[in-house]
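S.K.: Sharing a structure, written as structure tokens. Questions coming.
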Amino acid sequence: MTGHVAVIDIGKTNAKLVLVDLDSLHEIAVITRPNTVLPGPPWPHFDVDGHWSFLLDGLRQFNAAHRVDAISITTHGACVALLDRDGALAAPILDYEHTGPDEAAEAYRALCPPFSETGSPRLAGGLNIGAQLYWQFHVDPELKARTHKIVTYPQFWGAKLTGEVAMDVTSLGCHTDLWNPHSGQMSSLVERLDITDKMAPVRKPFEVLGSVLPDVAEHTGLSPDTKVHCGIHDSNASLLPYVLTQRAPFSVVSTGTWVIVMSVGGRPRALDPDLDSLINVTALGDPAPSARFMGGREHDLATGGAYPMPTQQDLDDVVAQKIMLLPALANETGPFKGRQSAWVGDAPELGSGARGAAVALYLAMVTAECLSNIGHDGTIIVEGPFAANHVYLGMLSVVTGSDVKSSQGTTGTSAGAAMLVAGAKKAPPLGNSPVAICATQIASLQDYAARWREHARCMPPS
């Protein structure tokens, strides 16, 4: 297929609509809006009405300027929609960062299948969809009866566009507790929650859900024959182009609010759920060892706002003075879960290039820890905002001893989501190795990394 695909990309921080050329996989246009969480009652939830208006207006704009030939969808994980018999929401869509599900953690833990079955670690708040559902059904005893179908988040938008309900394997395989990645079937939790008949059919991300509804076509100007593809979890959208086009072994580092690292064909490694390692499921249905931390959130917390691009002198000063940021700022998740962040040496001034350099070194070190925990081998491909951070890329290359490539797209998930329509034509363009680092610089960065690891090991839990 040739032409243009509109990619709906709902990230945790921003909602985006991206127009992608199917021949080149280049992004032609991108519009965004904040993914603001609305307060309850009954619980903090996503502004789906605001997003829907934004998406319809954006589709009309894109179609008028370029013509939209198909629609694909990608969203963050840990999110489901509960639909009533009319296809409307039976309850607002819970924000997974809400701590409500922790109230029922002990009872849920007794019900939840083991990590060996699901590859899904027990996480805080609503990061496990099973925990969300258990808590929601507890605090609203009538909700289960009102719920006719449960759909994963990409397919919520697909249902609004087409009227067809579904779930996709990548979203089900994203630490939900509801999926067994080894057997490719629902886990035992689905029966224990008594929701087997409420789970929408599981379809492949590549499949076509259907054509846009008449009212959608009328509002946007789209052809009534415009096809909507099933959709995919955003980190797996980032992984997909390389699964289809790259030779293993390699790892993909998907960056945004979350930094998700996924290994394909790496070294065998027993995953430790206490280190926030888990099994994701690729668009092809294969298990993918993964680990993650809230890197984008930590970046924003640590930098405190805008700062200039770090210079070589900024980097040299931070390394020479052994100024280090230690984990973890968002310490509910990640390989250093439960640790309290601290600075070694004098923290660089907020808004300075030196501050940016120190934070980039920190993020590279935590990313490297995640890669080690899942048995990374081969090339590392970085996509998303961190792909433009040369200090991060350079340090990641040094500390892992790996060739690091950067994706050139502005929204790293869009090309993968577009490939659900386009197929395996080619991967999005990759940059060359980030920087040429001389032997002296390599030695000083390696020494810095060794000291950072020693400090991190000695940090007591918070």
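Letters A, B, ... mark the chains of the structure tokens in the order given; residue numbers begin at 1 per chain; ligand numbers begin at 1, in order shown.
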With stretch 53-64 of chain A as the partner and 7 Å as the cut-off, tabulate the residues of stretch 203-248 of chain A that qualify, each row holding the nearest pair of atoms and their distance in Å to one decimal, using only C-alpha atoms, sorted by chain and rising number, as JSON lines.
M.R.:
{"residue": "A:Thr220", "atom": "CA", "partner": "A:Arg60", "partner_atom": "CA", "distance": 4.0}
{"residue": "A:Gly221", "atom": "CA", "partner": "A:Arg60", "partner_atom": "CA", "distance": 6.0}
{"residue": "A:Leu222", "atom": "CA", "partner": "A:Asn63", "partner_atom": "CA", "distance": 6.6}
S.K.: Give me a file of those residues, with C-alpha atoms, as a compact mmCIF listing (two decimals), in the first residue's frame.
M.R.:
# COMPACT_ATOMS: atom_id res chain seq x y z
CA THR A 220 -13.28 14.32 9.21
CA GLY A 221 -13.90 14.14 5.48
CA LEU A 222 -12.28 10.71 5.39
S.K.: Could you give me, as a list in words, the residues within 8 Å of A:Phe156, counting only C-alpha atoms and dropping anything in the same chain fewer than 6 positions from it?
M.R.: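 Once the adjacent positions are removed, what remains is Val80, Ala81 and Val165 of chain A.
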S.K.: Between A:Leu329, A:Ile10, A:Ala422, A:Leu111, single out the one closest to A:Ser235, counting only C-alpha atoms.
M.R.: A:Ile10
S.K.: Neighbouring residues of A:Arg457 were defined as those with any atom within 12 Å, considering only C-alpha atoms; residues of the same chain fewer than 3 positions away were excluded. Please report them as a PDB file with C-alpha atoms, in the first residue's frame.
M.R.:
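Contents of result.pdb, as written:
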ATOM      1  CA  LEU A 326      22.374   8.488  41.979  1.00  0.00           C
ATOM      2  CA  PRO A 327      19.098   6.572  41.670  1.00  0.00           C
ATOM      3  CA  PRO A 335      16.099  -1.493  38.698  1.00  0.00           C
ATOM      4  CA  PHE A 336      16.767   0.742  41.716  1.00  0.00           C
ATOM      5  CA  ARG A 339      16.315   3.807  46.574  1.00  0.00           C
ATOM      6  CA  GLU A 369      21.705  -1.517  34.150  1.00  0.00           C
ATOM      7  CA  ALA A 450      32.687   2.152  37.809  1.00  0.00           C
ATOM      8  CA  ARG A 451      32.498   4.782  40.567  1.00  0.00           C
ATOM      9  CA  TRP A 452      28.811   5.394  39.863  1.00  0.00           C
ATOM     10  CA  ARG A 453      28.049   1.697  40.176  1.00  0.00           C
ATOM     11  CA  GLU A 454      29.965   1.469  43.442  1.00  0.00           C
ATOM     12  CA  PRO A 460      20.539   2.077  51.398  1.00  0.00           C
ATOM     13  CA  PRO A 461      16.852   1.680  50.538  1.00  0.00           C
TER      14      PRO A 461
END
S.K.: List every residue of stretch 180-394 of chain A that DSSP, applied to the backbone, labels as strand (DSSP E or B), and write the result as an MDAnalysis selection string.
M.R.: chainID A and resid 180 185:186 199 202:203 208:211 227:229 232:233 250:254 259:264 277:281 287:293 324:326 339 342:344 379:383
S.K.: Using only C-alpha atoms, find the one residue out of A:Asp95, A:Ala124, A:Ser397, A:His229 that sits nearest to A:Asp274.
M.R.: A:Ala124
S.K.: Can you pull out the residues contacting stretch 15-30 of chain A? Cut-off 6 Å, using only C-alpha atoms, and skip same-chain residues under 6 positions away; I want them as a PyMOL selection string.
M.R.: chain A and resi 2-9+415+422
S.K.: Grab the residues selected above and save them as a CSV table (one decimal), in the first residue's frame with C-alpha atoms.
M.R.:
chain,number,residue,atom,x,y,z
A,2,THR,CA,1.2,3.5,-0.7
A,3,GLY,CA,-0.1,6.9,0.5
A,4,HIS,CA,-0.4,8.2,4.1
A,5,VAL,CA,-1.4,6.7,7.4
A,6,ALA,CA,-2.6,8.7,10.4
A,7,VAL,CA,-1.1,7.3,13.6
A,8,ILE,CA,-3.0,8.0,16.8
A,9,ASP,CA,-0.2,7.9,19.5
A,415,ALA,CA,7.0,4.4,12.2
A,422,ALA,CA,2.8,-0.7,5.4
S.K.: Mind checking DSSP for stretch 16-142 of chain A and telling me the alpha helix (DSSP H) residues as JSON, numbers by chain?
M.R.: {"A": [48, 49, 50, 51, 52, 53, 54, 55, 56, 57, 58, 59, 60, 61, 62, 63, 64, 65, 105, 106, 107, 108, 109, 110, 111, 115, 116, 117, 118, 129, 130, 131, 132, 133, 134, 135, 136, 137, 138, 139]}
S.K.: Write a file of the selected residues as a compact mmCIF listing (two decimals), in the first residue's frame, keeping N, CA and C atoms.
M.R.:
# COMPACT_ATOMS: atom_id res chain seq x y z
N VAL A 48 -10.59 11.44 27.78
CA VAL A 48 -10.84 10.82 26.48
C VAL A 48 -11.73 11.69 25.60
N ASP A 49 -12.63 12.47 26.19
CA ASP A 49 -13.46 13.35 25.37
C ASP A 49 -12.62 14.44 24.71
N GLY A 50 -11.71 15.01 25.48
CA GLY A 50 -10.81 16.01 24.91
C GLY A 50 -9.93 15.42 23.83
N HIS A 51 -9.40 14.23 24.08
CA HIS A 51 -8.57 13.57 23.06
C HIS A 51 -9.38 13.29 21.80
N TRP A 52 -10.61 12.85 21.97
CA TRP A 52 -11.43 12.49 20.82
C TRP A 52 -11.68 13.70 19.92
N SER A 53 -12.01 14.84 20.51
CA SER A 53 -12.19 16.06 19.72
C SER A 53 -10.90 16.44 19.01
N PHE A 54 -9.79 16.36 19.72
CA PHE A 54 -8.48 16.66 19.13
C PHE A 54 -8.17 15.74 17.96
N LEU A 55 -8.45 14.45 18.12
CA LEU A 55 -8.14 13.49 17.06
C LEU A 55 -9.03 13.69 15.83
N LEU A 56 -10.31 13.92 16.05
CA LEU A 56 -11.20 14.14 14.92
C LEU A 56 -10.82 15.40 14.15
N ASP A 57 -10.52 16.48 14.87
CA ASP A 57 -10.11 17.72 14.20
C ASP A 57 -8.80 17.53 13.46
N GLY A 58 -7.86 16.78 14.08
CA GLY A 58 -6.58 16.53 13.43
C GLY A 58 -6.72 15.68 12.18
N LEU A 59 -7.57 14.66 12.24
CA LEU A 59 -7.81 13.84 11.06
C LEU A 59 -8.40 14.67 9.92
N ARG A 60 -9.31 15.57 10.25
CA ARG A 60 -9.88 16.45 9.22
C ARG A 60 -8.79 17.34 8.62
N GLN A 61 -7.92 17.87 9.47
CA GLN A 61 -6.83 18.73 9.01
C GLN A 61 -5.85 17.96 8.11
N PHE A 62 -5.44 16.77 8.56
CA PHE A 62 -4.50 15.97 7.78
C PHE A 62 -5.11 15.53 6.44
N ASN A 63 -6.36 15.14 6.49
CA ASN A 63 -7.00 14.64 5.27
C ASN A 63 -7.16 15.76 4.25
N ALA A 64 -7.48 16.96 4.72
CA ALA A 64 -7.64 18.08 3.80
C ALA A 64 -6.31 18.46 3.15
N ALA A 65 -5.22 18.33 3.90
CA ALA A 65 -3.93 18.75 3.37
C ALA A 65 -3.23 17.67 2.56
N ALA A 105 -3.83 -4.46 47.73
CA ALA A 105 -2.65 -5.18 47.26
C ALA A 105 -2.52 -6.57 47.88
N GLU A 106 -2.77 -6.67 49.17
CA GLU A 106 -2.57 -7.96 49.84
C GLU A 106 -3.56 -9.00 49.33
N ALA A 107 -4.82 -8.62 49.20
CA ALA A 107 -5.82 -9.56 48.69
C ALA A 107 -5.56 -9.90 47.23
N TYR A 108 -5.14 -8.90 46.45
CA TYR A 108 -4.86 -9.17 45.04
C TYR A 108 -3.66 -10.10 44.89
N ARG A 109 -2.66 -9.90 45.72
CA ARG A 109 -1.45 -10.74 45.63
C ARG A 109 -1.79 -12.21 45.84
N ALA A 110 -2.74 -12.49 46.70
CA ALA A 110 -3.15 -13.88 46.95
C ALA A 110 -3.86 -14.48 45.74
N LEU A 111 -4.44 -13.64 44.91
CA LEU A 111 -5.19 -14.09 43.74
C LEU A 111 -4.32 -14.18 42.49
N PHE A 115 4.96 -14.93 38.75
CA PHE A 115 5.77 -14.36 37.68
C PHE A 115 6.12 -15.42 36.64
N SER A 116 6.33 -16.66 37.08
CA SER A 116 6.69 -17.73 36.16
C SER A 116 5.59 -17.99 35.13
N GLU A 117 4.34 -17.67 35.46
CA GLU A 117 3.24 -17.85 34.50
C GLU A 117 3.07 -16.64 33.60
N THR A 118 3.13 -15.44 34.17
CA THR A 118 2.76 -14.24 33.41
C THR A 118 3.95 -13.42 32.91
N ILE A 129 -2.79 -4.32 35.10
CA ILE A 129 -4.22 -4.15 34.80
C ILE A 129 -5.08 -5.04 35.68
N GLY A 130 -4.59 -6.24 35.97
CA GLY A 130 -5.35 -7.11 36.86
C GLY A 130 -5.63 -6.45 38.20
N ALA A 131 -4.64 -5.73 38.73
CA ALA A 131 -4.82 -5.03 40.00
C ALA A 131 -5.83 -3.90 39.86
N GLN A 132 -5.79 -3.20 38.73
CA GLN A 132 -6.79 -2.16 38.47
C GLN A 132 -8.20 -2.75 38.56
N LEU A 133 -8.42 -3.83 37.80
CA LEU A 133 -9.75 -4.41 37.71
C LEU A 133 -10.22 -4.91 39.07
N TYR A 134 -9.34 -5.59 39.79
CA TYR A 134 -9.72 -6.11 41.10
C TYR A 134 -10.17 -4.99 42.02
N TRP A 135 -9.41 -3.90 42.03
CA TRP A 135 -9.73 -2.76 42.91
C TRP A 135 -10.99 -2.05 42.44
N GLN A 136 -11.11 -1.81 41.13
CA GLN A 136 -12.29 -1.11 40.62
C GLN A 136 -13.58 -1.88 40.92
N PHE A 137 -13.54 -3.19 40.72
CA PHE A 137 -14.72 -4.01 41.01
C PHE A 137 -15.04 -4.03 42.50
N HIS A 138 -14.01 -3.82 43.32
CA HIS A 138 -14.22 -3.81 44.77
C HIS A 138 -14.86 -2.49 45.22
N VAL A 139 -14.34 -1.36 44.71
CA VAL A 139 -14.85 -0.07 45.18
C VAL A 139 -16.18 0.30 44.51
S.K.: Taking into account only C-alpha atoms, which residue in the set A:Asn280, A:Leu94, A:Leu275, A:Glu332 is nearest to A:Glu298?
M.R.: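 Closest residue, counting only C-alpha atoms: A:Glu332.
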S.K.: Tell me, as a tab-separated table (two decimals) with N, CA and C atoms, in the first residue's frame, which residues lie within 10 Å of A:Leu284, counting only C-alpha atoms; anything in the same chain fewer than 6 positions away does not count.
M.R.:
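Written file, selection32.tsv:
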chain	number	residue	atom	x	y	z
A	169	VAL	N	-2.33	-8.44	21.41
A	169	VAL	CA	-1.44	-9.26	22.24
A	169	VAL	C	-0.33	-8.43	22.88
A	170	THR	N	0.13	-7.36	22.22
A	170	THR	CA	1.22	-6.57	22.81
A	170	THR	C	0.73	-5.81	24.04
A	204	LYS	N	-4.45	-9.75	16.09
A	204	LYS	CA	-3.07	-9.34	15.83
A	204	LYS	C	-3.03	-7.84	15.54
A	205	PRO	N	-1.96	-7.16	15.94
A	205	PRO	CA	-1.89	-5.71	15.69
A	205	PRO	C	-2.03	-5.33	14.22
A	206	PHE	N	-1.59	-6.23	13.32
A	206	PHE	CA	-1.63	-5.92	11.89
A	206	PHE	C	-3.05	-5.98	11.32
A	240	LEU	N	8.90	-2.89	16.68
A	240	LEU	CA	8.46	-3.61	15.49
A	240	LEU	C	9.32	-3.39	14.25
A	243	VAL	N	12.32	-5.62	14.63
A	243	VAL	CA	11.96	-7.04	14.61
A	243	VAL	C	11.79	-7.51	13.16
A	244	LEU	N	11.22	-6.65	12.33
A	244	LEU	CA	10.94	-7.03	10.94
A	244	LEU	C	12.13	-6.89	10.02
S.K.: Skip A:Asp177 itself and residues of its chain fewer than 5 positions away, then list as number ranges by chain all residues within 8 Å of it, counting only C-alpha atoms.
M.R.: A: 112-113, 118-120, 128-130, 187, 189
S.K.: Please dump the current selection as a tab-separated table (two decimals), in the first residue's frame; keep C-alpha atoms.
M.R.:
chain	number	residue	atom	x	y	z
A	112	CYS	CA	-2.52	-13.15	41.21
A	113	PRO	CA	-0.63	-15.84	39.23
A	118	THR	CA	2.76	-14.24	33.41
A	119	GLY	CA	6.26	-12.74	33.17
A	120	SER	CA	4.63	-9.77	34.88
A	128	ASN	CA	-0.86	-4.20	36.56
A	129	ILE	CA	-4.22	-4.15	34.80
A	130	GLY	CA	-5.35	-7.11	36.86
A	187	SER	CA	-3.59	-16.32	32.21
A	189	LEU	CA	-6.24	-14.65	36.53
S.K.: Figure out the distance between atom CA of A:Gln155 and atom CA of A:Gly296, please, to one decimal in Å.
M.R.: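 Straight-line distance from atom CA of A:Gly296 to atom CA of A:Gln155 works out to 25.4 Å.
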S.K.: Which one is closest to A:Pro121: A:Asp47, A:Asp314, A:Asp272, A:Asp346? Count only C-alpha atoms.
M.R.: A:Asp272
S.K.: Would you compute the distance between atom CA of A:Asp194 and atom CA of A:Ala91? Give it in Å to one decimal.
M.R.: 18.3 Å
S.K.: For A:Gly173, please output as a PDB file with C-alpha atoms, in the first residue's frame all residues within 8 Å (counting only C-alpha atoms; exclusion window: fewer than 6 positions along the same chain).
M.R.:
ATOM      1  CA  TRP A 179      -1.654 -12.932  29.701  1.00  0.00           C
ATOM      2  CA  ASN A 180       0.588 -15.999  29.643  1.00  0.00           C
ATOM      3  CA  PRO A 181       3.386 -15.120  27.178  1.00  0.00           C
ATOM      4  CA  ILE A 279       8.406 -10.196  29.557  1.00  0.00           C
ATOM      5  CA  ASN A 280       6.803  -8.078  26.870  1.00  0.00           C
ATOM      6  CA  VAL A 281       5.174  -9.629  23.825  1.00  0.00           C
TER       7      VAL A 281
END
